[in-house]
>>> print(open('model-v2.csv').read())   # CSV, C-alpha atoms
chain,number,residue,atom,x,y,z
A,1005,MET,CA,0.0,0.0,0.0
A,1006,GLU,CA,1.2,3.5,-0.8
A,1007,ILE,CA,-0.5,6.4,1.0
A,1008,ARG,CA,-0.1,10.1,0.3
A,1009,VAL,CA,-1.2,12.5,3.0
A,1010,LYS,CA,-1.8,16.3,2.6
A,1011,TRP,CA,-1.9,18.1,5.9
A,1012,ARG,CA,-1.2,21.4,7.6
A,1013,ILE,CA,-0.9,22.8,11.1
A,1014,ALA,CA,-4.3,23.7,12.4
A,1015,PRO,CA,-5.0,27.3,13.5
A,1016,PRO,CA,-3.5,29.2,15.4
A,1017,GLY,CA,-0.5,27.5,13.6
A,1018,THR,CA,1.8,26.6,16.5
A,1019,ALA,CA,4.6,24.5,15.2
A,1020,ILE,CA,4.4,20.7,16.1
A,1021,SER,CA,7.5,18.7,15.7
A,1022,ASP,CA,5.8,15.4,15.2
A,1023,ALA,CA,3.0,16.7,12.9
A,1024,PRO,CA,3.9,14.3,10.1
A,1025,GLN,CA,3.6,11.3,12.4
A,1026,ILE,CA,0.2,12.6,13.8
A,1027,ALA,CA,-1.1,13.1,10.3
A,1028,GLY,CA,0.0,9.6,9.3
A,1029,HIS,CA,-1.6,8.1,12.4
A,1030,ILE,CA,-4.9,9.7,11.6
A,1031,VAL,CA,-4.9,8.3,8.1
A,1032,ARG,CA,-3.7,4.9,9.1
A,1033,LYS,CA,-6.5,4.4,11.6
A,1034,ILE,CA,-9.1,5.2,8.9
A,1035,VAL,CA,-7.4,2.9,6.4
A,1036,GLU,CA,-7.2,0.0,9.0
A,1037,LYS,CA,-10.9,0.5,9.9
A,1038,THR,CA,-12.0,0.5,6.3
A,1039,LEU,CA,-9.9,-2.5,5.2
A,1040,SER,CA,-10.4,-4.6,8.3
A,1041,GLY,CA,-13.0,-6.8,6.6
A,1042,ALA,CA,-11.6,-6.6,3.0
A,1043,SER,CA,-10.4,-9.6,1.1
A,1044,VAL,CA,-7.1,-9.8,-0.7
A,1045,LEU,CA,-9.0,-11.6,-3.5
A,1046,ARG,CA,-11.0,-8.4,-4.2
A,1047,PRO,CA,-8.4,-5.6,-4.2
A,1048,GLN,CA,-10.4,-3.4,-6.6
A,1049,ALA,CA,-13.4,-3.4,-4.3
A,1050,ALA,CA,-11.2,-2.7,-1.3
A,1051,ALA,CA,-9.6,0.2,-3.2
A,1052,GLN,CA,-13.0,1.7,-4.1
A,1053,ASP,CA,-14.1,1.5,-0.4
A,1054,LEU,CA,-10.9,3.2,0.6
A,1055,VAL,CA,-11.3,6.0,-1.9
A,1056,VAL,CA,-14.8,6.7,-0.6
A,1057,ALA,CA,-13.7,6.6,3.1
A,1058,LEU,CA,-10.7,8.9,2.6
A,1059,ARG,CA,-12.9,11.3,0.6
A,1060,ASP,CA,-15.6,11.5,3.2
A,1061,GLU,CA,-13.4,11.7,6.3
A,1062,PHE,CA,-11.4,14.8,5.4
A,1063,PRO,CA,-10.6,17.5,6.3
A,1064,LEU,CA,-10.1,16.2,9.8
A,1065,CYS,CA,-8.4,18.1,12.6
A,1066,ARG,CA,-6.8,16.3,15.6
A,1067,ASP,CA,-4.0,17.2,18.0
A,1068,GLY,CA,-3.2,20.5,16.3
A,1069,VAL,CA,-2.9,18.8,12.9
A,1070,GLU,CA,-5.4,19.1,10.1
A,1071,VAL,CA,-5.4,16.4,7.5
A,1072,VAL,CA,-6.7,18.0,4.3
A,1073,ALA,CA,-6.8,15.0,2.0
A,1074,ALA,CA,-5.3,11.5,1.6
A,1075,THR,CA,-5.0,9.0,-1.3
A,1076,ALA,CA,-4.0,5.4,-1.2
A,1077,SER,CA,-3.1,2.7,-3.8
A,1078,LEU,CA,-3.4,-1.0,-3.1
A,1079,GLN,CA,-1.4,-3.8,-4.6
A,1080,VAL,CA,-1.5,-7.5,-3.5
A,1081,GLU,CA,1.5,-9.6,-4.0
A,1082,GLU,CA,1.0,-12.7,-6.1
A,1083,GLY,CA,2.2,-15.1,-3.4
A,1084,VAL,CA,-0.4,-13.6,-1.0
A,1085,SER,CA,-3.2,-13.9,-3.6
A,1086,ALA,CA,-2.2,-17.5,-4.4
A,1087,ALA,CA,-2.3,-18.4,-0.7
A,1088,ALA,CA,-5.7,-16.7,-0.3
A,1089,ARG,CA,-7.1,-18.6,-3.3
A,1090,ARG,CA,-5.9,-21.9,-1.9
A,1091,ARG,CA,-7.5,-21.1,1.4
A,1092,GLU,CA,-10.7,-20.1,-0.3
A,1093,ARG,CA,-10.8,-23.4,-2.2
A,1094,SER,CA,-10.1,-25.4,0.9
A,1095,ARG,CA,-12.9,-23.6,2.7
A,1096,HIS,CA,-15.3,-24.2,-0.2
A,1097,GLU,CA,-14.4,-27.9,-0.3
A,1098,LEU,CA,-15.0,-28.2,3.5
A,1099,GLU,CA,-18.4,-26.5,2.9
A,1100,LEU,CA,-19.2,-29.0,0.1
A,1101,ASP,CA,-18.1,-31.9,2.4
A,1102,GLU,CA,-20.4,-30.7,5.2
A,1103,LEU,CA,-23.3,-30.2,2.7
A,1104,GLU,CA,-22.8,-33.8,1.5
A,1105,ARG,CA,-22.8,-35.1,5.0
A,1106,ARG,CA,-26.0,-33.3,5.8
A,1107,GLN,CA,-27.6,-34.6,2.7
A,1108,ALA,CA,-26.4,-38.1,3.5
A,1109,ARG,CA,-27.8,-37.9,7.0
A,1110,ALA,CA,-31.1,-36.6,5.6
A,1111,ARG,CA,-31.4,-39.5,3.2
A,1112,MET,CA,-30.5,-42.0,5.9
A,1113,GLU,CA,-33.2,-40.6,8.2
A,1114,PHE,CA,-35.7,-40.8,5.3
A,1115,LEU,CA,-34.8,-44.4,4.6
A,1116,ARG,CA,-34.9,-45.4,8.3
A,1117,ASP,CA,-38.0,-43.4,9.4
A,1118,GLU,CA,-40.2,-43.7,6.3
A,1119,PHE,CA,-39.0,-46.1,3.6
A,1120,LEU,CA,-37.9,-48.8,6.1
A,1121,ALA,CA,-40.3,-48.0,8.9
A,1122,ASP,CA,-42.1,-51.4,8.4
A,1123,PRO,CA,-42.3,-54.0,5.6
A,1124,SER,CA,-45.5,-52.6,4.1
A,1125,SER,CA,-44.0,-49.1,3.7
A,1126,ALA,CA,-40.9,-50.6,2.2
A,1127,ARG,CA,-43.0,-52.6,-0.3
A,1128,LEU,CA,-45.1,-49.6,-1.2
A,1129,TYR,CA,-42.0,-47.5,-1.9
A,1130,THR,CA,-40.7,-50.1,-4.3
A,1131,LEU,CA,-43.8,-49.4,-6.4
A,1132,LEU,CA,-43.0,-45.7,-6.7
A,1133,GLN,CA,-40.8,-44.1,-9.4
A,1134,PRO,CA,-37.2,-43.9,-7.9
A,1135,SER,CA,-36.2,-40.4,-6.9
A,1136,PRO,CA,-32.6,-39.3,-7.6
A,1137,ARG,CA,-32.8,-36.8,-4.8
A,1138,LEU,CA,-34.2,-39.1,-2.1
A,1139,GLY,CA,-32.3,-42.1,-3.2
A,1140,GLY,CA,-33.0,-45.6,-1.9
A,1141,PRO,CA,-31.7,-49.2,-1.6
A,1142,PRO,CA,-30.6,-51.1,-4.7
A,1143,PRO,CA,-33.5,-52.6,-6.7
A,1144,SER,CA,-32.3,-56.1,-6.0
A,1145,SER,CA,-32.4,-55.7,-2.2
A,1146,ASP,CA,-35.1,-57.4,-0.1
A,1147,PRO,CA,-37.2,-54.7,1.7
A,1148,GLU,CA,-38.2,-57.1,4.5
A,1149,GLU,CA,-34.5,-58.0,5.2
A,1150,LEU,CA,-33.6,-54.3,5.2
A,1151,VAL,CA,-36.4,-53.5,7.6
A,1152,GLN,CA,-35.2,-56.3,9.9
A,1153,LYS,CA,-31.6,-55.0,9.8
A,1154,ILE,CA,-32.7,-51.4,10.4
A,1155,HIS,CA,-34.7,-52.4,13.5
A,1156,GLN,CA,-31.9,-54.6,14.7
A,1157,TRP,CA,-29.3,-51.9,14.6
A,1158,HIS,CA,-31.6,-49.0,15.7
A,1159,PRO,CA,-30.0,-47.1,18.6
A,1160,GLU,CA,-33.1,-47.9,20.7
A,1161,SER,CA,-33.3,-51.6,19.8
A,1162,ARG,CA,-33.2,-54.0,22.7
A,1163,TRP,CA,-29.9,-55.7,22.0
A,1164,ILE,CA,-28.1,-52.3,21.4
A,1165,LEU,CA,-29.4,-51.0,24.8
A,1166,ILE,CA,-28.3,-54.3,26.5
A,1167,ALA,CA,-24.9,-54.0,24.7
A,1168,LYS,CA,-24.4,-50.5,26.1
A,1169,ILE,CA,-25.2,-51.7,29.6
A,1170,LEU,CA,-22.8,-54.6,29.3
A,1171,HIS,CA,-20.1,-52.4,28.0
A,1172,THR,CA,-20.5,-50.0,31.0
A,1173,PHE,CA,-20.6,-53.0,33.4
A,1174,VAL,CA,-17.5,-54.7,31.9
A,1175,ASP,CA,-15.6,-51.4,31.9
A,1176,ARG,CA,-16.1,-51.1,35.7
A,1177,LEU,CA,-14.8,-54.7,36.4
A,1178,THR,CA,-11.4,-55.5,37.9
A,1179,GLU,CA,-9.2,-57.8,35.9
A,1180,ASP,CA,-10.1,-60.8,38.1
A,1181,ASN,CA,-13.8,-60.1,37.8
A,1182,ALA,CA,-13.4,-59.8,34.0
A,1183,ARG,CA,-11.8,-63.3,33.9
A,1184,ASP,CA,-14.6,-64.7,36.0
A,1185,LEU,CA,-17.2,-63.1,33.8
A,1186,LEU,CA,-15.6,-64.7,30.7
A,1187,LYS,CA,-15.8,-68.2,32.4
A,1188,ILE,CA,-19.5,-67.6,33.3
A,1189,LEU,CA,-20.1,-66.5,29.7
A,1190,ARG,CA,-18.3,-69.5,28.2
A,1191,SER,CA,-20.3,-71.9,30.4
A,1192,ALA,CA,-23.6,-70.3,29.5
A,1193,ILE,CA,-22.9,-70.4,25.8
A,1194,THR,CA,-21.8,-74.0,26.0
A,1195,ALA,CA,-25.0,-74.9,28.0
A,1196,LEU,CA,-27.1,-73.3,25.2
A,1197,GLY,CA,-25.4,-75.5,22.6
A,1198,HIS,CA,-23.2,-73.0,20.9
A,1199,LYS,CA,-19.9,-74.8,21.1
A,1200,GLN,CA,-18.1,-72.8,18.4
A,1201,LEU,CA,-18.9,-69.5,20.1
A,1202,ALA,CA,-17.7,-71.0,23.5
A,1203,ALA,CA,-14.4,-72.0,21.8
A,1204,GLU,CA,-14.0,-68.4,20.6
A,1205,VAL,CA,-14.6,-67.1,24.2
A,1206,ALA,CA,-12.0,-69.6,25.5
A,1207,ALA,CA,-9.5,-68.4,22.9
A,1208,ILE,CA,-10.0,-64.8,24.2
A,1209,GLU,CA,-9.5,-66.1,27.7
A,1210,GLU,CA,-6.1,-67.5,26.7
A,1211,ARG,CA,-5.0,-64.2,25.2
A,1212,GLN,CA,-5.8,-62.5,28.4
>>> encode(input="model-v2.csv", output="structure tokens")
Amino acid sequence: MEIRVKWRIAPPGTAISDAPQIAGHIVRKIVEKTLSGASVLRPQAAAQDLVVALRDEFPLCRDGVEVVAATASLQVEEGVSAAARRRERSRHELELDELERRQARARMEFLRDEFLADPSSARLYTLLQPSPRLGGPPPSSDPEELVQKIHQWHPESRWILIAKILHTFVDRLTEDNARDLLKILRSAITALGHKQLAAEVAAIEERQ
């Protein structure tokens, strides 16, 4: 930035040794205020705002110095512009990513709460013309199977709630209590006839 300041000693005209610094300070404050929200990617717009601000503020008298007029020219270095463009692209890409995430969440909520709310709703939706905006499961998928999976993995489903309680319970156990729990679990699984699962639990016990 190059700034030219036209000033004079205000009446009654007493000499002020630091008058040039005072004049420069007055103009600098106006320039900083005007350009505080300006973008280096829009130097022409910033220059226009600055021309208007400098024209409207003067003449201005302060501390015995009267600033009659001021002009400024702006120039942005290529390296600064390039860095600003990269940052702008990154910000835009992040906004696009967030938009896609919101759209994906909206589609998933639609599928879960309406399309796959129950088998009859799922069957009815298969009769409608597919919507590219709302999306949907592949044509070859079984609606009833999808409904079953949705309900099974729903955050409020019975087994999910029990899994959360078990996780909290196990996390509070001591190491000895955890080993005892594994033995009880293995015995219960064996008693229910799931020998392969019991063997997997035994393998976990050995690793512990």
>>> residues_around(input="model-v2.csv", residues="A:Ile1208", least_positions_apart="4", cutoff="10 Å", atoms="only C-alpha atoms", output="PDB file with C-alpha atoms, keeping the file's coordinate frame")
ATOM      1  CA  ARG A1183     -11.800 -63.300  33.900  1.00  0.00           C
ATOM      2  CA  LEU A1186     -15.600 -64.700  30.700  1.00  0.00           C
ATOM      3  CA  ALA A1202     -17.700 -71.000  23.500  1.00  0.00           C
ATOM      4  CA  ALA A1203     -14.400 -72.000  21.800  1.00  0.00           C
ATOM      5  CA  GLU A1204     -14.000 -68.400  20.600  1.00  0.00           C
ATOM      6  CA  GLN A1212      -5.800 -62.500  28.400  1.00  0.00           C
TER       7      GLN A1212
END
>>> closest_atom_pairs(input="model-v2.csv", of="stretch 1063-1173 of chain A", to="stretch 1009-1016 of chain A", cutoff="9 Å", atoms="only C-alpha atoms", output="tab-separated table")
residue	atom	partner	partner_atom	distance
A:Pro1063	CA	A:Trp1011	CA	8.7
A:Cys1065	CA	A:Ala1014	CA	6.9
A:Arg1066	CA	A:Ala1014	CA	8.4
A:Asp1067	CA	A:Ala1014	CA	8.6
A:Gly1068	CA	A:Ala1014	CA	5.2
A:Val1069	CA	A:Ile1013	CA	4.8
A:Glu1070	CA	A:Ala1014	CA	5.3
A:Val1071	CA	A:Trp1011	CA	4.2
A:Val1072	CA	A:Trp1011	CA	5.1
A:Ala1073	CA	A:Lys1010	CA	5.2
A:Ala1074	CA	A:Val1009	CA	4.4
A:Thr1075	CA	A:Val1009	CA	6.7
A:Ala1076	CA	A:Val1009	CA	8.7
>>> atom_distance(input="model-v2.csv", atom1="atom CA of A:His1096", atom2="atom CA of A:Met1005")
28.6 Å
>>> atom_distance(input="model-v2.csv", atom1="atom CA of A:Pro1123", atom2="atom CA of A:Gln1156")
13.8 Å
>>> closest_residue(input="model-v2.csv", among="A:Ile1166, A:Ala1121, A:Leu1189, A:Ala1110", to="A:Leu1201", atoms="all atoms listed in the file")
A:Leu1189
>>> atom_distance(input="model-v2.csv", atom1="atom CA of A:Phe1114", atom2="atom CA of A:Arg1127")
15.0 Å
>>> residues_around(input="model-v2.csv", residues="A:Lys1033", least_positions_apart="5", cutoff="12 Å", atoms="only C-alpha atoms", output="list in words")
Ile1026, Ala1027, Gly1028, Thr1038, Leu1039, Ser1040, Leu1054, Ala1057, Leu1058 and Glu1061 of chain A
>>> residues_around(input="model-v2.csv", residues="A:Ala1050", least_positions_apart="3", cutoff="10 Å", atoms="only C-alpha atoms", output="count of residues only")
14
